[in-house]
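Structure record follows, encoded as structure tokens.
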Amino acid sequence: MSVLSAETEGQELKVKTQSKKVNKSWLNDHVNDPYVKLAKREGYRARAAYKLKEIDESLGLFKPGMVVVDLGSTPGAWSQYLRRRMAPEGAATGELDATLVALDLLPMEPIEGVFFLQGDFRDEAVLAQLVEHLDGKAVDVVVSDMAPNLSGIASADAARISHLVELAVDFCKSHLKNDGALVVKVFHGGGYDDLVKLFQDTFKVVKPFKPKASRDKSAENFLVGIGLKATQS
């Protein structure tokens with residue numbers, strides 16, 4: 001979370017007033033958002049579930065029996081989608097044919113069949129716990145909705161976003177099956193072209209993806225890499 005400070009009372013009031021207008025506008029858009037309404041009807045914790053669903057339906061990434069790692073999982077909408085996708089008849093509870101591991105710095109309400117690890121993916125000790133839980137299993141797909149706390153300084157924020165993506169790519173180099181896939185959230189702006197180049201150097205197939213569930217005003221985009229190149233271990 002970034003904290004704004006004002007030098008004078010007048011400036012502080014102006015910041016607060018602008019913030020209220022922005023919050024009111026966002027709240028109005030959010031309440032009327034068709035994906036928010038759909039998420040409530042279908043029992044998803046966030047509209048983000050439909051971003052992953054659209055990517056999956058377009059590229060056919062997930063199948064029962066897979067090992068999937070969900071990075072930046074809280075509040076759990078992607079893990080919910082994955083859990084239903086791997087279950088007979090799309091059930092949210094009961095039988096599950098998959099190994100699903102989720103990780104986030106923030107706590108996440110339990111999802112049946114999903115192992116959740118709370119910690120910072122940048123911490124080697126946390127990463128070691130994740131690897132330990134995989135118990136030697138190679139991963140079929142890694143999905144990452146990770147995003148750093150933004151400072152508002154474009155160059156610093158771009159570096160933080162890039163760092164998280166680079167960590168996810170490094171994880172894939174060590175733990176992803178040769179024909180596996182990585183889905184990461186990125187943002188258009190500084191560093192985007194470098195991340196595309198990183199994906200092109202790492203994966204045989206690279207697809208940028210802007211789901212319909214991503215808001216039009218958002219710079220959010222997704223990169224999908226499929227199949228590690230032979231030079232990767």
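Ligands are numbered from 1 in the order shown, chains are lettered A, B, ... in the order of the structure tokens, and residues start at 1 in each chain.
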
Write out as a Markdown table a residue-level contact list of segment 44-74 of chain A versus segment 93-96 of chain A with cut-off 12 Å: for each qualifying residue the closest pair of atoms and the distance in Å to one decimal, counting only C-alpha atoms, rows sorted by chain and residue number upward.
```
| residue | atom | partner | partner_atom | distance |
| --- | --- | --- | --- | --- |
| A:Lys63 | CA | A:Leu96 | CA | 11.6 |
| A:Pro64 | CA | A:Leu96 | CA | 8.2 |
| A:Gly65 | CA | A:Leu96 | CA | 8.6 |
| A:Met66 | CA | A:Leu96 | CA | 10.6 |
| A:Val67 | CA | A:Leu96 | CA | 11.8 |
```

Please write the residues from the selection above to a file, keeping N, CA and C atoms, as a tab-separated table (two decimals), in the first residue's frame.
```
chain	number	residue	atom	x	y	z
A	63	LYS	N	-6.04	-29.74	-17.43
A	63	LYS	CA	-6.71	-31.04	-17.56
A	63	LYS	C	-6.64	-31.75	-16.22
A	64	PRO	N	-7.63	-32.62	-15.92
A	64	PRO	CA	-7.58	-33.40	-14.68
A	64	PRO	C	-6.27	-34.19	-14.58
A	65	GLY	N	-5.80	-34.34	-13.36
A	65	GLY	CA	-4.57	-35.10	-13.11
A	65	GLY	C	-3.32	-34.23	-13.06
A	66	MET	N	-3.47	-32.95	-13.35
A	66	MET	CA	-2.31	-32.07	-13.41
A	66	MET	C	-1.82	-31.63	-12.03
A	67	VAL	N	-0.56	-31.17	-12.01
A	67	VAL	CA	0.02	-30.49	-10.86
A	67	VAL	C	0.09	-29.01	-11.22
```

> Near Asp104 of chain A, within 6 Å and counting only C-alpha atoms, which residues show up once chain neighbours fewer than 2 positions away are dropped, as a list in words?
Replying inline: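 Selected residues are Gly72, Ser73, Leu106, Gln118 and Gly119 of chain A.
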
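Each of A:Ser58, A:Ser218, A:Ser144, A:Ser162 was compared to Val184 of chain A using only C-alpha atoms, and A:Ser144 turns out to be the nearest.
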
Could you please write out, as a short mmCIF file (atom, residue, chain, number, x, y, z; two decimals) with C-alpha atoms, in the first residue's frame, every residue of segment 24-222 of chain A that DSSP assigns to strand (DSSP E)?
```cif
data_model
loop_
_atom_site.label_atom_id
_atom_site.label_comp_id
_atom_site.auth_asym_id
_atom_site.auth_seq_id
_atom_site.Cartn_x
_atom_site.Cartn_y
_atom_site.Cartn_z
CA VAL A 67 0.02 -30.49 -10.86
CA VAL A 68 -0.66 -26.74 -10.75
CA VAL A 69 0.96 -23.99 -8.68
CA ASP A 70 -1.01 -20.77 -8.08
CA LEU A 71 1.26 -17.86 -7.11
CA THR A 99 -2.42 -31.52 -7.07
CA LEU A 100 -3.10 -27.85 -6.42
CA VAL A 101 -0.69 -25.72 -4.43
CA ALA A 102 -1.38 -22.04 -3.73
CA LEU A 103 0.90 -19.39 -2.24
CA ASP A 104 0.43 -15.81 -1.15
CA VAL A 114 -5.98 -26.88 -2.35
CA PHE A 115 -2.82 -26.80 -0.22
CA PHE A 116 -2.15 -23.20 0.80
CA LEU A 117 1.21 -21.86 1.88
CA GLN A 118 1.37 -18.34 3.32
CA VAL A 139 4.60 -29.03 -12.39
CA ASP A 140 2.26 -28.95 -15.38
CA VAL A 141 1.21 -25.30 -15.13
CA VAL A 142 2.25 -22.33 -13.02
CA VAL A 143 -0.19 -19.42 -12.81
CA SER A 144 0.84 -16.12 -11.28
CA LEU A 176 8.04 -27.17 -14.85
CA LYS A 177 7.55 -30.13 -17.18
CA ASN A 178 9.13 -29.64 -20.60
CA ASP A 179 5.68 -29.27 -22.17
CA GLY A 180 4.31 -27.25 -19.27
CA ALA A 181 2.99 -23.69 -19.24
CA LEU A 182 3.32 -20.45 -17.31
CA VAL A 183 0.63 -17.75 -17.07
CA VAL A 184 1.67 -14.42 -15.51
CA LYS A 185 0.04 -11.06 -15.01
CA VAL A 186 2.01 -8.15 -16.44
CA PHE A 187 1.32 -4.48 -17.17
CA PHE A 203 9.34 -20.85 -24.05
CA LYS A 204 8.62 -22.33 -27.48
CA VAL A 205 5.23 -20.61 -27.73
CA VAL A 206 4.49 -17.16 -26.28
CA LYS A 207 1.01 -15.62 -26.34
CA PRO A 208 0.05 -12.20 -24.96
CA PHE A 209 -3.54 -12.31 -23.73
CA GLU A 220 -3.17 -5.30 -17.09
CA ASN A 221 -2.27 -8.02 -19.57
CA PHE A 222 -1.17 -11.64 -19.35
#
```

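The interatomic distance for the pair atom CA of Val224 of chain A and atom CA of Phe199 of chain A works out to 8.2 Å.
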
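For Leu195 of chain A, the residues within 9 Å (counting only C-alpha atoms, excluding itself and residues fewer than 3 positions away along the chain) are A:Ser162, A:Val165, A:Glu166, A:Val186, A:Gly191, A:Tyr192, A:Leu198, A:Phe199, A:Gln200, A:Leu223.
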
>> Please compute the atom CA of Trp78 of chain A-atom CA of Ala48 of chain A distance, one decimal, in Å.
In response: 6.9 Å

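The smallest atom-to-atom distance between Gly225 of chain A and any of A:Ala49, A:Ala138, A:Val36, A:Ile55, using only C-alpha atoms, is found for A:Ile55.
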
> Tell me, which residues of segment 55-176 of chain A carry DSSP helix (DSSP H, G or I), written as JSON, numbers by chain?
Replying inline: {"A": [55, 56, 57, 58, 59, 77, 78, 79, 80, 81, 82, 83, 84, 85, 88, 89, 90, 124, 125, 126, 127, 128, 129, 130, 131, 132, 133, 134, 154, 155, 156, 157, 158, 159, 160, 161, 162, 163, 164, 165, 166, 167, 168, 169, 170, 171, 172, 173, 174, 175]}

> Which one is closest to Asp194 of chain A: A:Leu127, A:Leu167, A:Ile153, A:Ala158? Count only C-alpha atoms.
Replying inline: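 The answer is A:Ala158, which sits nearest to Asp194 of chain A.
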
>> So that I can check the surroundings of Tyr44 of chain A, please list as a list of chain:residue names every protein, DNA and RNA residue that reaches within 12 Å of it, counting only C-alpha atoms and ignoring chain neighbours fewer than 4 positions away.
In response: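 My reading of the contact set: A:Tyr35, A:Val36, A:Lys37, A:Leu38, A:Ala39, A:Lys40, A:Ala48, A:Ala49, A:Tyr50, A:Lys53, A:Pro75, A:Gly76, A:Ala77, A:Trp78, A:Ser79, A:Gln80, A:Tyr81, A:Leu82, A:Arg83, A:Arg84, A:Ala92, A:Ile111.
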
Keeping C-alpha atoms, export the residues of the selection given above as a CSV table (one decimal), in the first residue's frame.
```csv
chain,number,residue,atom,x,y,z
A,35,TYR,CA,-18.3,-10.2,-14.0
A,36,VAL,CA,-18.7,-9.1,-10.3
A,37,LYS,CA,-22.3,-10.1,-10.5
A,38,LEU,CA,-21.5,-13.4,-12.2
A,39,ALA,CA,-18.8,-14.2,-9.6
A,40,LYS,CA,-21.4,-13.7,-6.8
A,48,ALA,CA,-10.5,-12.6,-11.6
A,49,ALA,CA,-11.7,-16.2,-12.0
A,50,TYR,CA,-13.1,-15.3,-15.4
A,53,LYS,CA,-11.2,-19.2,-17.3
A,75,PRO,CA,-8.4,-14.2,-2.2
A,76,GLY,CA,-8.5,-17.6,-4.1
A,77,ALA,CA,-10.6,-17.1,-7.2
A,78,TRP,CA,-8.0,-18.7,-9.5
A,79,SER,CA,-7.6,-21.6,-7.1
A,80,GLN,CA,-11.4,-22.0,-7.0
A,81,TYR,CA,-11.5,-22.1,-10.8
A,82,LEU,CA,-8.7,-24.7,-10.9
A,83,ARG,CA,-10.3,-26.8,-8.2
A,84,ARG,CA,-13.6,-26.9,-10.2
A,92,ALA,CA,-16.5,-27.1,-5.8
A,111,ILE,CA,-10.4,-24.2,-0.5
```

> Pick the closest to Leu130 of chain A from A:Ala87, A:His175, A:Gly189, A:Asp97: which is it, counting only C-alpha atoms?
Replying inline: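 Closest to Leu130 of chain A, using only C-alpha atoms: A:His175.
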
>> For Arg160 of chain A, find every residue with an atom within 10 Å (counting only C-alpha atoms), except residues of its own chain fewer than 5 positions away, and show them as a PyMOL selection string.
In response: chain A and resi 147-151+154-155+165-166+191

Output N, CA and C atoms for every residue in the selection just made, as a tab-separated table (two decimals), in the first residue's frame.
```
chain	number	residue	atom	x	y	z
A	147	ALA	N	1.38	-9.38	-7.82
A	147	ALA	CA	1.62	-7.97	-8.13
A	147	ALA	C	2.19	-7.31	-6.88
A	148	PRO	N	3.19	-6.45	-7.04
A	148	PRO	CA	3.79	-5.81	-5.88
A	148	PRO	C	2.95	-4.63	-5.40
A	149	ASN	N	3.22	-4.18	-4.18
A	149	ASN	CA	2.65	-2.90	-3.75
A	149	ASN	C	3.27	-1.80	-4.59
A	150	LEU	N	2.44	-0.99	-5.21
A	150	LEU	CA	2.93	0.02	-6.14
A	150	LEU	C	3.21	1.34	-5.44
A	151	SER	N	4.31	1.96	-5.81
A	151	SER	CA	4.73	3.21	-5.18
A	151	SER	C	4.24	4.44	-5.93
A	154	ALA	N	7.02	5.17	-11.63
A	154	ALA	CA	6.91	4.23	-12.74
A	154	ALA	C	8.11	3.29	-12.86
A	155	SER	N	9.31	3.83	-12.79
A	155	SER	CA	10.50	3.01	-12.98
A	155	SER	C	10.66	1.97	-11.87
A	165	VAL	N	7.92	-11.50	-12.08
A	165	VAL	CA	7.79	-12.34	-13.28
A	165	VAL	C	9.06	-13.17	-13.49
A	166	GLU	N	10.20	-12.54	-13.30
A	166	GLU	CA	11.48	-13.25	-13.46
A	166	GLU	C	11.59	-14.40	-12.47
A	191	GLY	N	9.37	-1.91	-19.07
A	191	GLY	CA	9.77	-3.28	-18.78
A	191	GLY	C	8.97	-4.34	-19.49
```

> atom CA of Leu105 of chain A and atom CA of Asp120 of chain A are how many Å apart?
Replying inline: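 These two atoms are separated by 5.0 Å.
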